[in-house]
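To start, the structure itself, in structure tokens.
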Amino acid sequence: MSHSSGPPAPALDEIVTSRDQLVRYLEAGSKPRTEWRIGTEHEKFAFEVDTLRPLDFDGERGIEKVLRGLTRFGWQPTEEDGRVIGLKLGKGSVTLEPGGQVELSGEPLDSLHDTCREVNEHLKEVKEVADPLDVAFLGVGFQPKWALADIPRMPKKRYRIMTEYMPTRGGHALEMMYRTATVQANLDFGSEADMIQKFRVGLALQPVATALFANSPFTEGRPNGYLSYRSQIWMDTDPDRCGDLPFVFESGMSFERYVDYALDVPMLLVLRNGEAVDASGQSFRDFMAGKLPALPGEHPTLEDWETHLTTLFPEVRLKHFLEMRGADGGPWSRLCALPALWKGLLYDTAAQDAAWDLVKDWTAEQRWRLRAEVPEKALNAEIGGRTVREIAREVLTIAEDGLRRIDRRNDSNQDERVFLADLFEVVDQGRTPAELLLDEYHNKWHGDIDPLFREHAY
């Protein structure tokens, strides 16, 4: 077992020749509780207000124009071949997903109040740049109107490699890349044992988060039969690198076990001098032995390992922190609710134990079935004779108790429980965001998808 905080983080330029170095890299993520932070990432679809079309990269109203506009707020551009493909400021970044979805990867922050401030600040900046261009943003889990062929391709080299390789592994890989948007929360852990319990609770309850945030009921202008079509797409993206990880629940789970899993996943790419080198389908083990076909004779650095870890897409992902990856993108008001849910469950010891008690008897088959049912049924899916709605109410109560005990207050003397209000409303009504959108589509919009862009834009 590692101690309450891990060994010092090794240098990223360290040459890797042994598995132990990879294990040490993950162990170095362990932090004392006083240093735990929360990070929030969210993606949104940029569109032209008059045509509703997704933004091209180039042009007077292109994505690059939006990114360049944000530099007036101190963001530093990241370039590839002289084109701005991202921005950095402190530990935060703005990045582009393959279909031009704009992602804010927030800084690791001390409280949810800070997180919400960051999100609101970002929105203000983005609107100030986008409004004069007649561009707006939509927060849903799946592009509701445009076909895959209509989505512009962003000029990031890593996406070209993924676009060629991923469809060989799963029928919906390109849909995932080009037409989905998510919100996710990143959390710290204190030790190996703490990481394991958080990982298990996170994986088991990911479908509950998927149900609460279900917000992708439309494809190409019509209902698609799902409430979270985004999570359905992940069921058929790439079995090597996606999905639930049953081994996390087995008795031998450890940092080493995750390293072995990651080593078994075929590589996608290596970054060299800002260039993405195609290593799709090749083995990181061969790389460590100096036998990578893409870079013969070269050995990886820890930075290459870090890059490889970002090409794994399970429902919960381990890096120097844990990423909770099960939620659809949504409206502004709900972007602070996801980190609130996970912080309440996993940053208070009593809450974490209560959450584990809730899920510890679920079998691998039950968990798999729940994950398969939730995209269509959301709160009405069942596990162990209980509906997700019942379980979600219990989960929210545990999270609420956790946040009450953590007791971080804002200037108005409110603690972080205020950010759970939206989720309690979902459970009380028994209707997901997707069902509310479907109601508007059928009744208020008379079967026309276009008002979605006007009424639900940021």
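Going through the structure tokens in order, the chains are called A, B, and so on, while each chain numbers its residues from 1 and the ligands are numbered from 1 in the order shown.
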
* To do: Skip Leu346 in chain A itself and residues of its chain fewer than 2 positions away, then list as a PyMOL selection string all residues within 12 Å of it, counting only C-alpha atoms.
  => chain A and resi 33+36-38+185-190+194-202+205+322+324+339-344+348-356+395+398-403+406

* Among range 223-406 of chain A, which residues carry a DSSP assignment of strand (DSSP E or B), reported as an NGL selection string? -> :A and (223 or 228 or 242-243 or 269-272 or 275-278 or 301 or 313-314 or 316-318 or 322-328 or 382-383 or 386-387)

Export of prior selection with C-alpha atoms as a PDB file, in the first residue's frame:
```pdb
ATOM      1  CA  PRO A 223     -36.055  11.449 -31.557  1.00  0.00           C
ATOM      2  CA  SER A 228     -28.692   9.287 -23.503  1.00  0.00           C
ATOM      3  CA  CYS A 242     -13.880   1.780 -23.520  1.00  0.00           C
ATOM      4  CA  GLY A 243     -16.530   0.650 -21.079  1.00  0.00           C
ATOM      5  CA  LEU A 269      -0.078   7.742 -31.400  1.00  0.00           C
ATOM      6  CA  VAL A 270       3.166   9.205 -30.086  1.00  0.00           C
ATOM      7  CA  LEU A 271       3.844  12.952 -29.970  1.00  0.00           C
ATOM      8  CA  ARG A 272       7.256  14.060 -31.273  1.00  0.00           C
ATOM      9  CA  GLU A 275       3.826  16.130 -34.403  1.00  0.00           C
ATOM     10  CA  ALA A 276       1.490  13.173 -33.907  1.00  0.00           C
ATOM     11  CA  VAL A 277       3.210   9.967 -35.085  1.00  0.00           C
ATOM     12  CA  ASP A 278       0.786   7.205 -36.076  1.00  0.00           C
ATOM     13  CA  THR A 301       9.416   8.759 -21.910  1.00  0.00           C
ATOM     14  CA  PHE A 313     -11.720   5.862 -22.666  1.00  0.00           C
ATOM     15  CA  PRO A 314     -13.257   3.758 -19.871  1.00  0.00           C
ATOM     16  CA  VAL A 316     -13.764   6.065 -15.115  1.00  0.00           C
ATOM     17  CA  ARG A 317     -10.178   6.795 -16.129  1.00  0.00           C
ATOM     18  CA  LEU A 318      -7.093   6.762 -13.892  1.00  0.00           C
ATOM     19  CA  LEU A 322      -9.700   9.850 -11.419  1.00  0.00           C
ATOM     20  CA  GLU A 323     -11.954  11.116 -14.214  1.00  0.00           C
ATOM     21  CA  MET A 324     -15.718  10.515 -13.992  1.00  0.00           C
ATOM     22  CA  ARG A 325     -16.791  10.232 -17.632  1.00  0.00           C
ATOM     23  CA  GLY A 326     -20.449   9.110 -17.708  1.00  0.00           C
ATOM     24  CA  ALA A 327     -22.480  12.318 -18.159  1.00  0.00           C
ATOM     25  CA  ASP A 328     -24.000  14.024 -21.200  1.00  0.00           C
ATOM     26  CA  GLU A 382     -33.301  -1.389 -12.757  1.00  0.00           C
ATOM     27  CA  ILE A 383     -30.601  -3.187 -10.800  1.00  0.00           C
ATOM     28  CA  ARG A 386     -34.623  -1.253  -7.618  1.00  0.00           C
ATOM     29  CA  THR A 387     -35.024   1.519 -10.165  1.00  0.00           C
TER      30      THR A 387
END
```

* Name all residues at most 10 Å from range 414-429 of chain A (count only C-alpha atoms; drop same-chain ones fewer than 3 positions away) and give them as a ChimeraX atom specification. => /A:111-113,116,209,211-213,333-341,343-344,379,388-393,396-397,399-411,432-433,436

Using C-alpha atoms, can you export the residues from the last selection as a PDB file, in the first residue's frame?
```
ATOM      1  CA  SER A 111     -14.190  24.320  -3.847  1.00  0.00           C
ATOM      2  CA  LEU A 112     -17.255  23.960  -6.039  1.00  0.00           C
ATOM      3  CA  HIS A 113     -17.897  27.679  -5.548  1.00  0.00           C
ATOM      4  CA  CYS A 116     -18.791  27.586 -10.680  1.00  0.00           C
ATOM      5  CA  ALA A 209     -24.875   9.800 -13.298  1.00  0.00           C
ATOM      6  CA  ALA A 211     -29.335   8.723 -16.091  1.00  0.00           C
ATOM      7  CA  LEU A 212     -29.425  11.963 -14.064  1.00  0.00           C
ATOM      8  CA  PHE A 213     -27.653  13.870 -16.862  1.00  0.00           C
ATOM      9  CA  SER A 333     -26.984  25.349 -14.596  1.00  0.00           C
ATOM     10  CA  ARG A 334     -26.011  21.650 -14.521  1.00  0.00           C
ATOM     11  CA  LEU A 335     -22.283  21.997 -15.220  1.00  0.00           C
ATOM     12  CA  CYS A 336     -21.539  22.514 -11.513  1.00  0.00           C
ATOM     13  CA  ALA A 337     -23.883  19.695 -10.477  1.00  0.00           C
ATOM     14  CA  LEU A 338     -21.651  16.874 -11.734  1.00  0.00           C
ATOM     15  CA  PRO A 339     -18.564  17.783  -9.673  1.00  0.00           C
ATOM     16  CA  ALA A 340     -20.917  18.426  -6.723  1.00  0.00           C
ATOM     17  CA  LEU A 341     -22.316  14.894  -6.997  1.00  0.00           C
ATOM     18  CA  LYS A 343     -17.272  15.476  -4.489  1.00  0.00           C
ATOM     19  CA  GLY A 344     -20.134  14.845  -2.071  1.00  0.00           C
ATOM     20  CA  LEU A 379     -34.199   6.570 -14.322  1.00  0.00           C
ATOM     21  CA  VAL A 388     -32.223   3.927 -10.925  1.00  0.00           C
ATOM     22  CA  ARG A 389     -34.558   6.689  -9.743  1.00  0.00           C
ATOM     23  CA  GLU A 390     -34.711   5.122  -6.248  1.00  0.00           C
ATOM     24  CA  ILE A 391     -30.964   4.566  -6.199  1.00  0.00           C
ATOM     25  CA  ALA A 392     -30.296   8.093  -7.476  1.00  0.00           C
ATOM     26  CA  ARG A 393     -32.326   9.579  -4.627  1.00  0.00           C
ATOM     27  CA  LEU A 396     -27.957  12.280  -3.850  1.00  0.00           C
ATOM     28  CA  THR A 397     -28.797  12.090  -0.151  1.00  0.00           C
ATOM     29  CA  ALA A 399     -23.691  13.272  -1.546  1.00  0.00           C
ATOM     30  CA  GLU A 400     -25.705  15.972   0.205  1.00  0.00           C
ATOM     31  CA  ASP A 401     -24.635  14.677   3.630  1.00  0.00           C
ATOM     32  CA  GLY A 402     -21.018  14.580   2.427  1.00  0.00           C
ATOM     33  CA  LEU A 403     -21.095  18.192   1.248  1.00  0.00           C
ATOM     34  CA  ARG A 404     -22.819  19.274   4.454  1.00  0.00           C
ATOM     35  CA  ARG A 405     -19.985  17.775   6.503  1.00  0.00           C
ATOM     36  CA  ILE A 406     -17.278  19.205   4.207  1.00  0.00           C
ATOM     37  CA  ASP A 407     -18.974  22.581   4.797  1.00  0.00           C
ATOM     38  CA  ARG A 408     -17.329  24.878   2.245  1.00  0.00           C
ATOM     39  CA  ARG A 409     -19.292  28.144   2.120  1.00  0.00           C
ATOM     40  CA  ASN A 410     -19.572  30.982  -0.370  1.00  0.00           C
ATOM     41  CA  ASP A 411     -19.931  34.718   0.336  1.00  0.00           C
ATOM     42  CA  THR A 432     -34.526  13.450 -17.144  1.00  0.00           C
ATOM     43  CA  PRO A 433     -33.415  16.541 -19.063  1.00  0.00           C
ATOM     44  CA  LEU A 436     -38.142  17.477 -20.877  1.00  0.00           C
TER      45      LEU A 436
END
```

* To do: For each of A:Lys91, A:Asp240, A:Glu164, A:Gly74, take the minimum atom-to-atom distance to Ala262 in chain A, counting only C-alpha atoms, then give the residue where this is smallest.
  =>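 Counting only C-alpha atoms, the residue closest to Ala262 in chain A is A:Asp240.
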
Compile a residue-level contact table for range 296-339 of chain A against range 133-145 of chain A at a cut-off of 6 Å, reporting for every qualifying residue the shortest atom pair and its distance in Å to one decimal, with only C-alpha atoms counted, rows ordered by chain and ascending number, as a tab-separated table.
```
residue	atom	partner	partner_atom	distance
A:Asp328	CA	A:Gly141	CA	4.3
A:Gly329	CA	A:Gly141	CA	4.6
A:Gly330	CA	A:Gly139	CA	4.3
A:Pro331	CA	A:Gly139	CA	5.2
```

What does the file look like for those residues with C-alpha atoms, as an mmCIF file, in the first residue's frame?
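And here's part_15.cif as it stands now:
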```
data_model
loop_
_atom_site.group_PDB
_atom_site.id
_atom_site.type_symbol
_atom_site.label_atom_id
_atom_site.label_comp_id
_atom_site.auth_asym_id
_atom_site.auth_seq_id
_atom_site.Cartn_x
_atom_site.Cartn_y
_atom_site.Cartn_z
ATOM 1 C CA ASP A 328 -24.000 14.024 -21.200
ATOM 2 C CA GLY A 329 -23.213 17.671 -21.831
ATOM 3 C CA GLY A 330 -25.950 19.965 -20.612
ATOM 4 C CA PRO A 331 -27.110 23.465 -19.830
#
```

* Using only C-alpha atoms, pick whichever of A:Asp20, A:Arg222, A:Glu35, A:Thr78 has the shortest atom-to-atom distance to His446 in chain A. =>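 Under the stated criterion, the closest residue is A:Arg222.
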
* Asked: What are the DSSP helix (DSSP H, G or I) residues of range 224-342 of chain A, as JSON, numbers by chain?
  -> {"A": [229, 230, 231, 232, 233, 234, 246, 247, 248, 249, 255, 256, 257, 258, 259, 260, 261, 262, 263, 264, 284, 285, 286, 287, 288, 302, 303, 304, 305, 306, 307, 308, 309, 332, 333, 334, 337, 338, 339, 340, 341, 342]}

Generate the output file for the selected residues, C-alpha atoms, as a CSV table (one decimal), in the first residue's frame.
```
chain,number,residue,atom,x,y,z
A,229,TYR,CA,-27.7,8.4,-27.0
A,230,ARG,CA,-24.2,9.6,-26.2
A,231,SER,CA,-23.8,6.7,-23.7
A,232,GLN,CA,-25.3,4.3,-26.2
A,233,ILE,CA,-22.6,5.2,-28.7
A,234,TRP,CA,-19.9,4.4,-26.2
A,246,PRO,CA,-14.5,-5.5,-14.3
A,247,PHE,CA,-11.0,-6.1,-13.0
A,248,VAL,CA,-11.3,-3.0,-10.8
A,249,PHE,CA,-13.7,-4.9,-8.6
A,255,PHE,CA,-1.9,0.7,-9.5
A,256,GLU,CA,0.0,-2.3,-11.1
A,257,ARG,CA,-3.2,-3.9,-12.3
A,258,TYR,CA,-4.2,-0.7,-14.1
A,259,VAL,CA,-0.8,-0.4,-15.6
A,260,ASP,CA,-1.2,-4.0,-17.0
A,261,TYR,CA,-4.6,-3.1,-18.4
A,262,ALA,CA,-3.2,0.1,-20.0
A,263,LEU,CA,-0.3,-1.8,-21.5
A,264,ASP,CA,-2.7,-4.3,-23.1
A,284,PHE,CA,3.5,0.1,-25.6
A,285,ARG,CA,5.4,-3.0,-24.4
A,286,ASP,CA,7.2,-3.1,-27.7
A,287,PHE,CA,7.9,0.6,-27.3
A,288,MET,CA,9.6,0.0,-23.9
A,302,LEU,CA,6.9,9.1,-19.1
A,303,GLU,CA,5.3,11.9,-21.2
A,304,ASP,CA,4.6,9.2,-23.9
A,305,TRP,CA,3.0,7.1,-21.2
A,306,GLU,CA,0.9,10.1,-20.1
A,307,THR,CA,-0.2,10.5,-23.8
A,308,HIS,CA,-1.1,6.8,-24.0
A,309,LEU,CA,-3.2,7.0,-20.9
A,332,TRP,CA,-25.0,25.9,-17.8
A,333,SER,CA,-27.0,25.3,-14.6
A,334,ARG,CA,-26.0,21.7,-14.5
A,337,ALA,CA,-23.9,19.7,-10.5
A,338,LEU,CA,-21.7,16.9,-11.7
A,339,PRO,CA,-18.6,17.8,-9.7
A,340,ALA,CA,-20.9,18.4,-6.7
A,341,LEU,CA,-22.3,14.9,-7.0
A,342,TRP,CA,-18.9,13.2,-7.1
```

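Counting only C-alpha atoms, the residue from A:Thr210, A:Thr95, A:Gln282, A:Thr168 that sits nearest to Pro375 in chain A is A:Thr210.
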
* Would you list the contacts of range 6-18 of chain A as a list in words, taking every protein, DNA or RNA residue within 7 Å and counting only C-alpha atoms, but skipping same-chain residues closer than 2 positions in sequence? =>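 Within the cut-off, the hits are Ser2, His3, Ser4, Asp20, Gln21, Tyr25, Glu27, Ala28, Gly29, Ser30, Lys31, Met288, Ala289, His299, Pro300, Thr301, Leu302 and Glu303 of chain A.
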